[in-house]
>>> print(open('work04.cif').read())   # mmCIF, C-alpha atoms
data_run
#
loop_
_atom_site.label_atom_id
_atom_site.label_comp_id
_atom_site.auth_asym_id
_atom_site.auth_seq_id
_atom_site.Cartn_x
_atom_site.Cartn_y
_atom_site.Cartn_z
CA GLY A 1 0.00 0.00 0.00
CA GLU A 2 0.92 3.63 0.07
CA ASP A 3 3.22 4.70 2.87
CA VAL A 4 5.30 7.78 3.53
CA GLU A 5 7.93 7.83 6.26
CA GLN A 6 9.85 10.64 7.88
CA SER A 7 12.02 11.10 10.91
CA LEU A 8 9.91 12.65 13.65
CA PHE A 9 12.25 15.23 15.16
CA LEU A 10 15.09 17.49 14.07
CA SER A 11 16.91 20.18 16.03
CA VAL A 12 19.30 22.66 14.46
CA ARG A 13 20.96 25.89 15.52
CA GLU A 14 19.87 29.16 14.00
CA GLY A 15 21.86 29.87 10.85
CA ASP A 16 22.66 26.21 10.15
CA SER A 17 21.11 24.17 7.38
CA SER A 18 18.28 21.74 8.08
CA VAL A 19 17.75 18.58 6.09
CA ILE A 20 14.48 16.72 6.42
CA ASN A 21 14.27 13.30 4.81
CA CYS A 22 11.31 11.35 3.49
CA THR A 23 10.77 8.01 1.83
CA TYR A 24 7.68 7.06 -0.12
CA THR A 25 6.40 3.93 -1.76
CA ASP A 26 4.15 4.82 -4.68
CA SER A 27 6.01 5.31 -7.95
CA SER A 28 2.92 6.65 -9.70
CA SER A 29 3.07 9.97 -7.86
CA THR A 30 3.62 12.62 -10.50
CA TYR A 31 4.35 15.30 -7.93
CA LEU A 32 5.82 15.15 -4.45
CA TYR A 33 5.13 17.89 -1.97
CA TRP A 34 6.46 19.53 1.16
CA TYR A 35 4.00 21.25 3.49
CA LYS A 36 4.65 23.31 6.61
CA GLN A 37 2.31 23.40 9.60
CA GLU A 38 2.74 25.91 12.38
CA PRO A 39 1.10 25.25 15.78
CA GLY A 40 -2.68 25.32 15.61
CA ALA A 41 -2.69 26.22 11.94
CA GLY A 42 -3.47 24.54 8.65
CA LEU A 43 -1.03 23.39 6.05
CA GLN A 44 1.03 25.71 3.92
CA LEU A 45 2.47 24.43 0.66
CA LEU A 46 6.20 25.08 0.73
CA THR A 47 7.33 23.54 -2.48
CA TYR A 48 6.80 20.60 -4.79
CA ILE A 49 8.83 18.67 -7.31
CA PHE A 50 7.85 16.94 -10.50
CA SER A 51 8.78 13.26 -10.41
CA ASN A 52 11.09 13.45 -13.41
CA MET A 53 13.27 16.10 -11.74
CA ASP A 54 16.27 15.45 -9.50
CA MET A 55 16.45 18.80 -7.81
CA LYS A 56 14.50 21.96 -7.36
CA GLN A 57 15.69 25.13 -5.66
CA ASP A 58 13.42 27.88 -4.43
CA GLN A 59 15.22 30.60 -2.45
CA ARG A 60 16.33 28.96 0.82
CA LEU A 61 14.66 25.67 -0.01
CA THR A 62 16.26 22.85 -1.99
CA VAL A 63 14.40 19.65 -2.78
CA LEU A 64 16.33 16.57 -3.85
CA LEU A 65 14.58 13.57 -5.34
CA ASN A 66 16.07 10.10 -5.80
CA LYS A 67 13.34 8.35 -7.71
CA LYS A 68 15.18 5.03 -7.80
CA ASP A 69 15.34 4.88 -4.01
CA LYS A 70 12.03 6.75 -3.57
CA HIS A 71 13.79 9.23 -1.33
CA LEU A 72 12.92 12.90 -1.03
CA SER A 73 14.68 15.53 1.04
CA LEU A 74 14.08 19.16 1.92
CA ARG A 75 17.04 21.36 2.76
CA ILE A 76 16.45 24.71 4.43
CA ALA A 77 19.48 26.98 4.24
CA ASP A 78 20.22 29.54 6.97
CA THR A 79 17.48 28.16 9.22
CA GLN A 80 15.66 30.80 11.25
CA THR A 81 13.51 30.57 14.37
CA GLY A 82 10.48 31.24 12.20
CA ASP A 83 11.17 27.97 10.42
CA SER A 84 10.25 26.04 13.58
CA ALA A 85 7.22 23.98 12.59
CA ILE A 86 6.15 20.53 11.49
CA TYR A 87 7.09 19.61 7.94
CA PHE A 88 5.04 17.06 6.06
CA CYS A 89 6.14 15.17 3.01
CA ALA A 90 3.27 14.03 0.76
CA GLU A 91 2.85 11.90 -2.30
CA SER A 92 -0.16 11.94 -4.59
CA PRO A 93 -0.67 8.46 -6.03
CA GLY A 94 -2.25 8.66 -9.42
CA GLY A 95 -2.77 12.37 -8.92
CA GLN A 96 -5.76 11.78 -6.67
CA ASN A 97 -5.72 12.17 -2.89
CA PHE A 98 -2.63 12.96 -0.87
CA VAL A 99 -0.83 10.55 1.43
CA PHE A 100 1.08 12.37 4.13
CA GLY A 101 4.06 11.31 6.16
CA PRO A 102 3.92 11.57 9.97
CA GLY A 103 5.61 14.96 9.92
CA THR A 104 9.03 16.09 11.12
CA ARG A 105 9.03 18.53 14.00
CA LEU A 106 11.82 21.05 13.38
CA SER A 107 13.12 22.96 16.38
CA VAL A 108 15.47 25.86 15.76
CA LEU A 109 17.71 26.69 18.70
CA PRO A 110 19.09 30.21 19.17
CA GLY B 111 -3.36 32.58 -4.84
CA ALA B 112 -6.19 30.17 -4.20
CA VAL B 113 -7.74 30.53 -0.76
CA VAL B 114 -9.75 27.98 1.19
CA SER B 115 -11.63 28.98 4.31
CA GLN B 116 -13.17 26.89 7.05
CA HIS B 117 -15.86 27.83 9.51
CA PRO B 118 -15.88 27.67 12.43
CA SER B 119 -12.19 27.70 13.33
CA TRP B 120 -12.90 26.25 16.76
CA VAL B 121 -16.03 24.66 18.17
CA ILE B 122 -16.80 23.17 21.56
CA CYS B 123 -19.93 21.07 21.90
CA LYS B 124 -21.63 18.70 24.27
CA SER B 125 -21.55 14.97 23.74
CA GLY B 126 -24.49 13.81 21.62
CA THR B 127 -24.90 17.00 19.62
CA SER B 128 -24.14 17.45 15.92
CA VAL B 129 -21.61 19.90 14.52
CA LYS B 130 -21.37 21.23 10.97
CA ILE B 131 -18.07 22.41 9.52
CA GLU B 132 -17.97 24.42 6.30
CA CYS B 133 -15.19 24.44 3.74
CA ARG B 134 -15.22 27.12 1.04
CA SER B 135 -13.00 27.82 -1.92
CA LEU B 136 -13.02 31.60 -2.09
CA ASP B 137 -11.57 32.47 -5.47
CA PHE B 138 -11.72 29.30 -7.52
CA GLN B 139 -14.03 26.45 -8.31
CA ALA B 140 -13.28 23.15 -6.69
CA THR B 141 -14.72 20.07 -8.29
CA THR B 142 -13.18 17.94 -5.57
CA MET B 143 -12.76 18.60 -1.88
CA PHE B 144 -11.05 16.40 0.66
CA TRP B 145 -11.65 16.08 4.38
CA TYR B 146 -8.78 15.14 6.68
CA ARG B 147 -8.55 14.50 10.37
CA GLN B 148 -5.48 15.18 12.46
CA PHE B 149 -4.99 13.96 16.01
CA PRO B 150 -2.49 15.80 18.23
CA LYS B 151 1.08 15.29 17.13
CA GLN B 152 0.02 13.01 14.32
CA SER B 153 -0.23 13.28 10.59
CA LEU B 154 -3.29 14.00 8.49
CA MET B 155 -5.52 11.05 7.72
CA LEU B 156 -7.84 11.28 4.75
CA MET B 157 -11.44 10.72 5.77
CA ALA B 158 -13.32 11.20 2.53
CA THR B 159 -13.22 12.63 -0.96
CA SER B 160 -16.11 14.84 -1.96
CA ASN B 161 -17.08 15.49 -5.55
CA GLU B 162 -19.55 18.22 -6.38
CA GLY B 163 -22.99 16.86 -7.06
CA SER B 164 -22.26 13.27 -6.11
CA LYS B 165 -21.89 11.16 -3.01
CA ALA B 166 -18.66 11.32 -1.09
CA THR B 167 -16.19 8.46 -1.14
CA TYR B 168 -15.17 7.44 2.36
CA GLU B 169 -11.89 5.85 3.38
CA GLN B 170 -11.90 2.48 5.06
CA GLY B 171 -12.86 2.72 8.72
CA VAL B 172 -14.66 6.05 8.42
CA GLU B 173 -18.37 5.84 9.24
CA LYS B 174 -20.34 7.62 6.55
CA ASP B 175 -23.43 7.89 8.76
CA LYS B 176 -21.43 9.62 11.45
CA PHE B 177 -19.49 11.98 9.20
CA LEU B 178 -21.98 13.36 6.72
CA ILE B 179 -20.49 15.17 3.76
CA ASN B 180 -22.38 17.42 1.40
CA HIS B 181 -20.74 19.05 -1.61
CA ALA B 182 -23.64 21.05 -2.97
CA SER B 183 -21.74 23.60 -5.02
CA LEU B 184 -18.37 24.13 -6.64
CA THR B 185 -17.28 26.36 -3.76
CA LEU B 186 -18.77 24.72 -0.67
CA SER B 187 -18.49 21.38 1.07
CA THR B 188 -19.78 20.64 4.56
CA LEU B 189 -18.83 17.98 7.07
CA THR B 190 -21.38 17.21 9.78
CA VAL B 191 -20.22 15.21 12.77
CA THR B 192 -23.41 13.61 14.04
CA SER B 193 -23.92 12.63 17.68
CA ALA B 194 -20.43 13.74 18.54
CA HIS B 195 -18.51 12.02 21.31
CA PRO B 196 -15.27 12.97 23.06
CA GLU B 197 -13.29 10.59 20.85
CA ASP B 198 -14.34 12.70 17.85
CA SER B 199 -12.37 15.63 19.26
CA SER B 200 -9.76 16.40 16.65
CA PHE B 201 -8.48 18.92 14.14
CA TYR B 202 -10.45 18.67 10.89
CA ILE B 203 -8.81 20.06 7.77
CA CYS B 204 -10.35 20.36 4.33
CA SER B 205 -8.62 20.87 1.03
CA ALA B 206 -9.92 21.81 -2.36
CA ARG B 207 -8.51 20.83 -5.70
CA GLU B 208 -8.49 23.31 -8.51
CA LEU B 209 -8.75 21.41 -11.74
CA ARG B 210 -6.09 22.66 -14.11
CA THR B 211 -5.93 21.74 -17.75
CA SER B 212 -2.38 23.01 -18.09
CA GLY B 213 0.45 24.33 -15.99
CA SER B 214 3.23 22.87 -13.95
CA ARG B 215 1.48 22.00 -10.74
CA GLY B 216 -1.04 19.49 -11.90
CA ASN B 217 -4.11 19.18 -9.81
CA GLU B 218 -2.85 21.05 -6.77
CA GLN B 219 -4.74 20.95 -3.50
CA PHE B 220 -5.20 24.03 -1.34
CA PHE B 221 -5.73 23.53 2.35
CA GLY B 222 -8.04 25.32 4.72
CA PRO B 223 -6.81 26.56 8.11
CA GLY B 224 -8.53 23.73 9.96
CA THR B 225 -11.35 23.45 12.51
CA ARG B 226 -10.61 22.35 16.04
CA LEU B 227 -13.49 20.32 17.46
CA THR B 228 -13.67 19.69 21.19
CA VAL B 229 -16.46 17.44 22.44
CA LEU B 230 -17.13 17.60 26.16
#
>>> encode(input="work04.cif", output="structure tokens")
Amino acid sequence: GEDVEQSLFLSVREGDSSVINCTYTDSSSTYLYWYKQEPGAGLQLLTYIFSNMDMKQDQRLTVLLNKKDKHLSLRIADTQTGDSAIYFCAESPGGQNFVFGPGTRLSVLP
Amino acid sequence: GAVVSQHPSWVICKSGTSVKIECRSLDFQATTMFWYRQFPKQSLMLMATSNEGSKATYEQGVEKDKFLINHASLTLSTLTVTSAHPEDSSFYICSARELRTSGSRGNEQFFGPGTRLTVL
């Protein structure tokens, strides 16, 4: 079945880079997504990558995709305290509903 | 960008009562809306997929008679939690899919801010 896995916690110091990893199972996902959720709030789309791409960069965010290993990562450069949140990786099998990972809670230490 | 609203943002109700949550796409038409449930410190779990003008498709384990979904128009879907009990307390999030015929993002989903339901 469809399954998305992520590490649950990550702590980094302000100014360092953060790397959040994700593995997924469904190879039919045309797009893979990263969402951010701040406490008590809904989901905010951060970025997405088309499945035939290896990398996508968007300002401080870099997404790397290894389709062979079904591994996706999100790198946040120069991490700030405002980046503290839960980050969800999501696949969209067949372009229909989303399957979310458990979320990685990023804590940014001063 | 596309905006999805939910109302109410927080509701507290007594056990046994019914609660209706609205999900609206404000500046686009959504042929499909999705309802998710999120327990504290957990991920989102899809409850049902709602297509305008037809019956919702529920995920396995979700009681359709307890979670009534109505998608009466291209901009509004409602989720009614009937005879709510404390175990129904959760964060309910809807998303709406804007059908695109072209562009780089495919059929992107836009998420509402969520509704926190507390059943006493």
>>> closest_atom_pairs(input="work04.cif", of="chain A", to="chain B", cutoff="8 Å", atoms="only C-alpha atoms", output="CSV")
residue,atom,partner,partner_atom,distance
A:Tyr31,CA,B:Arg215,CA,7.8
A:Ala41,CA,B:Pro223,CA,5.6
A:Gly42,CA,B:Pro223,CA,3.9
A:Leu43,CA,B:Phe221,CA,6.0
A:Gln44,CA,B:Phe221,CA,7.3
A:Leu45,CA,B:Phe220,CA,7.9
A:Phe88,CA,B:Ser153,CA,7.9
A:Gly95,CA,B:Asn217,CA,7.0
A:Asn97,CA,B:Phe144,CA,7.7
A:Phe98,CA,B:Leu156,CA,7.8
A:Val99,CA,B:Leu156,CA,7.8
A:Phe100,CA,B:Leu154,CA,6.4
A:Gly101,CA,B:Ser153,CA,6.5
A:Pro102,CA,B:Ser153,CA,4.5
A:Gly103,CA,B:Ser153,CA,6.1
>>> closest_residue(input="work04.cif", among="B:Val229, B:Leu186, B:Ala166, B:Cys133", to="B:Ser199", atoms="only C-alpha atoms")
B:Val229
>>> atom_distance(input="work04.cif", atom1="atom CA of B:Thr228", atom2="atom CA of B:His117")
14.4 Å
>>> closest_residue(input="work04.cif", among="A:Gln59, A:Gln80, A:Asn52, A:Ser17", to="A:Ser29", atoms="only C-alpha atoms")
A:Asn52
>>> resolve_selection(input="work04.cif", expression="the PyMOL selection byres ((chain A and resi 105) around 12)", output="number ranges by chain")
A: 6-12, 18-21, 35-39, 83-89, 101-104, 106-108; B: 151-153
>>> resolve_selection(input="work04.cif", expression="the PyMOL selection byres ((chain B and resi 132) around 7)", output="list of chain:residue names")
B:Gln116, B:His117, B:Lys130, B:Ile131, B:Cys133, B:Arg134, B:Ser187, B:Thr188, B:Leu189
>>> atom_distance(input="work04.cif", atom1="atom CA of A:Trp34", atom2="atom CA of A:Leu61")
10.3 Å
>>> atom_distance(input="work04.cif", atom1="atom CA of A:Leu74", atom2="atom CA of A:Leu109")
18.7 Å
>>> resolve_selection(input="work04.cif", expression="the PyMOL selection byres ((chain A and resi 70) around 9)", output="ChimeraX atom specification")
/A:22-27,65-69,71-72
>>> residues_near_point(input="work04.cif", point="(19.7, 31.6, 7.6)", cutoff="9 Å", atoms="all atoms listed in the file", output="list in words")
Glu14, Gly15, Asp16, Ser17, Arg60, Ile76, Ala77, Asp78, Thr79 and Gln80 of chain A
>>> residues_around(input="work04.cif", residues="B:Ala194", least_positions_apart="3", cutoff="10 Å", atoms="only C-alpha atoms", output="list in words")
Cys123, Lys124, Ser125, Gly126, Thr127, Ser128, Val129, Lys176, Phe177, Thr190, Val191, Glu197, Asp198, Ser199, Leu227, Thr228, Val229 and Leu230 of chain B
>>> residues_near_point(input="work04.cif", point="(-14.0, 23.3, -6.8)", cutoff="10 Å", atoms="all atoms listed in the file", output="list in words")
Arg134, Ser135, Leu136, Asp137, Phe138, Gln139, Ala140, Thr141, Thr142, Met143, Ser160, Asn161, Glu162, His181, Ser183, Leu184, Thr185, Leu186, Ser187, Ser205, Ala206, Arg207, Glu208 and Leu209 of chain B
>>> build_atoms(input="work04.cif", residues="stretch 80-91 of chain A", atoms="all heavy atoms", output="PDB file, in the coordinates of the input")
ATOM      1  N   GLN A  80      16.041  29.735  10.317  1.00  0.00           N
ATOM      2  CA  GLN A  80      15.660  30.800  11.250  1.00  0.00           C
ATOM      3  C   GLN A  80      14.635  30.272  12.264  1.00  0.00           C
ATOM      4  O   GLN A  80      14.006  29.246  12.036  1.00  0.00           O
ATOM      5  CB  GLN A  80      15.053  31.980  10.477  1.00  0.00           C
ATOM      6  CG  GLN A  80      15.983  32.560   9.420  1.00  0.00           C
ATOM      7  CD  GLN A  80      17.246  33.139  10.032  1.00  0.00           C
ATOM      8  OE1 GLN A  80      17.191  33.954  10.959  1.00  0.00           O
ATOM      9  NE2 GLN A  80      18.396  32.712   9.522  1.00  0.00           N
ATOM     10  N   THR A  81      14.462  31.017  13.346  1.00  0.00           N
ATOM     11  CA  THR A  81      13.510  30.570  14.370  1.00  0.00           C
ATOM     12  C   THR A  81      12.098  30.474  13.804  1.00  0.00           C
ATOM     13  O   THR A  81      11.300  29.644  14.243  1.00  0.00           O
ATOM     14  CB  THR A  81      13.512  31.522  15.575  1.00  0.00           C
ATOM     15  OG1 THR A  81      13.274  32.859  15.118  1.00  0.00           O
ATOM     16  CG2 THR A  81      14.854  31.460  16.305  1.00  0.00           C
ATOM     17  N   GLY A  82      11.801  31.300  12.821  1.00  0.00           N
ATOM     18  CA  GLY A  82      10.480  31.240  12.200  1.00  0.00           C
ATOM     19  C   GLY A  82      10.254  29.995  11.366  1.00  0.00           C
ATOM     20  O   GLY A  82       9.134  29.723  10.929  1.00  0.00           O
ATOM     21  N   ASP A  83      11.315  29.231  11.159  1.00  0.00           N
ATOM     22  CA  ASP A  83      11.170  27.970  10.420  1.00  0.00           C
ATOM     23  C   ASP A  83      10.724  26.832  11.336  1.00  0.00           C
ATOM     24  O   ASP A  83      10.421  25.735  10.851  1.00  0.00           O
ATOM     25  CB  ASP A  83      12.494  27.590   9.756  1.00  0.00           C
ATOM     26  CG  ASP A  83      12.915  28.573   8.679  1.00  0.00           C
ATOM     27  OD1 ASP A  83      12.026  29.105   7.971  1.00  0.00           O
ATOM     28  OD2 ASP A  83      14.138  28.841   8.555  1.00  0.00           O
ATOM     29  N   SER A  84      10.699  27.073  12.644  1.00  0.00           N
ATOM     30  CA  SER A  84      10.250  26.040  13.580  1.00  0.00           C
ATOM     31  C   SER A  84       8.795  25.688  13.286  1.00  0.00           C
ATOM     32  O   SER A  84       7.918  26.556  13.308  1.00  0.00           O
ATOM     33  CB  SER A  84      10.371  26.529  15.029  1.00  0.00           C
ATOM     34  OG  SER A  84      11.712  26.717  15.395  1.00  0.00           O
ATOM     35  N   ALA A  85       8.555  24.429  12.988  1.00  0.00           N
ATOM     36  CA  ALA A  85       7.220  23.980  12.590  1.00  0.00           C
ATOM     37  C   ALA A  85       7.289  22.475  12.362  1.00  0.00           C
ATOM     38  O   ALA A  85       8.325  21.847  12.571  1.00  0.00           O
ATOM     39  CB  ALA A  85       6.759  24.688  11.320  1.00  0.00           C
ATOM     40  N   ILE A  86       6.169  21.928  11.911  1.00  0.00           N
ATOM     41  CA  ILE A  86       6.150  20.530  11.490  1.00  0.00           C
ATOM     42  C   ILE A  86       6.130  20.512   9.969  1.00  0.00           C
ATOM     43  O   ILE A  86       5.341  21.233   9.343  1.00  0.00           O
ATOM     44  CB  ILE A  86       4.925  19.784  12.044  1.00  0.00           C
ATOM     45  CG1 ILE A  86       4.923  19.850  13.567  1.00  0.00           C
ATOM     46  CG2 ILE A  86       4.943  18.331  11.584  1.00  0.00           C
ATOM     47  CD1 ILE A  86       3.683  19.237  14.197  1.00  0.00           C
ATOM     48  N   TYR A  87       6.979  19.702   9.392  1.00  0.00           N
ATOM     49  CA  TYR A  87       7.090  19.610   7.940  1.00  0.00           C
ATOM     50  C   TYR A  87       6.586  18.246   7.483  1.00  0.00           C
ATOM     51  O   TYR A  87       7.063  17.207   7.936  1.00  0.00           O
ATOM     52  CB  TYR A  87       8.536  19.833   7.507  1.00  0.00           C
ATOM     53  CG  TYR A  87       8.983  21.252   7.739  1.00  0.00           C
ATOM     54  CD1 TYR A  87       9.396  21.665   9.005  1.00  0.00           C
ATOM     55  CD2 TYR A  87       8.952  22.198   6.719  1.00  0.00           C
ATOM     56  CE1 TYR A  87       9.775  22.977   9.241  1.00  0.00           C
ATOM     57  CE2 TYR A  87       9.333  23.512   6.940  1.00  0.00           C
ATOM     58  CZ  TYR A  87       9.738  23.892   8.210  1.00  0.00           C
ATOM     59  OH  TYR A  87      10.097  25.200   8.444  1.00  0.00           O
ATOM     60  N   PHE A  88       5.626  18.284   6.573  1.00  0.00           N
ATOM     61  CA  PHE A  88       5.040  17.060   6.060  1.00  0.00           C
ATOM     62  C   PHE A  88       5.463  16.838   4.613  1.00  0.00           C
ATOM     63  O   PHE A  88       5.367  17.731   3.780  1.00  0.00           O
ATOM     64  CB  PHE A  88       3.506  17.127   6.104  1.00  0.00           C
ATOM     65  CG  PHE A  88       2.924  17.105   7.479  1.00  0.00           C
ATOM     66  CD1 PHE A  88       2.597  18.287   8.123  1.00  0.00           C
ATOM     67  CD2 PHE A  88       2.689  15.906   8.132  1.00  0.00           C
ATOM     68  CE1 PHE A  88       2.052  18.275   9.398  1.00  0.00           C
ATOM     69  CE2 PHE A  88       2.146  15.882   9.407  1.00  0.00           C
ATOM     70  CZ  PHE A  88       1.825  17.069  10.039  1.00  0.00           C
ATOM     71  N   CYS A  89       5.883  15.629   4.358  1.00  0.00           N
ATOM     72  CA  CYS A  89       6.140  15.170   3.010  1.00  0.00           C
ATOM     73  C   CYS A  89       4.854  14.498   2.528  1.00  0.00           C
ATOM     74  O   CYS A  89       4.156  13.854   3.327  1.00  0.00           O
ATOM     75  CB  CYS A  89       7.308  14.176   3.087  1.00  0.00           C
ATOM     76  SG  CYS A  89       7.591  13.150   1.673  1.00  0.00           S
ATOM     77  N   ALA A  90       4.500  14.657   1.255  1.00  0.00           N
ATOM     78  CA  ALA A  90       3.270  14.030   0.760  1.00  0.00           C
ATOM     79  C   ALA A  90       3.465  13.552  -0.664  1.00  0.00           C
ATOM     80  O   ALA A  90       4.115  14.211  -1.478  1.00  0.00           O
ATOM     81  CB  ALA A  90       2.105  15.027   0.820  1.00  0.00           C
ATOM     82  N   GLU A  91       2.900  12.388  -0.935  1.00  0.00           N
ATOM     83  CA  GLU A  91       2.850  11.900  -2.300  1.00  0.00           C
ATOM     84  C   GLU A  91       1.391  11.918  -2.746  1.00  0.00           C
ATOM     85  O   GLU A  91       0.483  11.967  -1.916  1.00  0.00           O
ATOM     86  CB  GLU A  91       3.421  10.480  -2.401  1.00  0.00           C
ATOM     87  CG  GLU A  91       2.687   9.425  -1.602  1.00  0.00           C
ATOM     88  CD  GLU A  91       3.228   8.018  -1.828  1.00  0.00           C
ATOM     89  OE1 GLU A  91       4.093   7.816  -2.693  1.00  0.00           O
ATOM     90  OE2 GLU A  91       2.753   7.107  -1.115  1.00  0.00           O
TER      91      GLU A  91
END
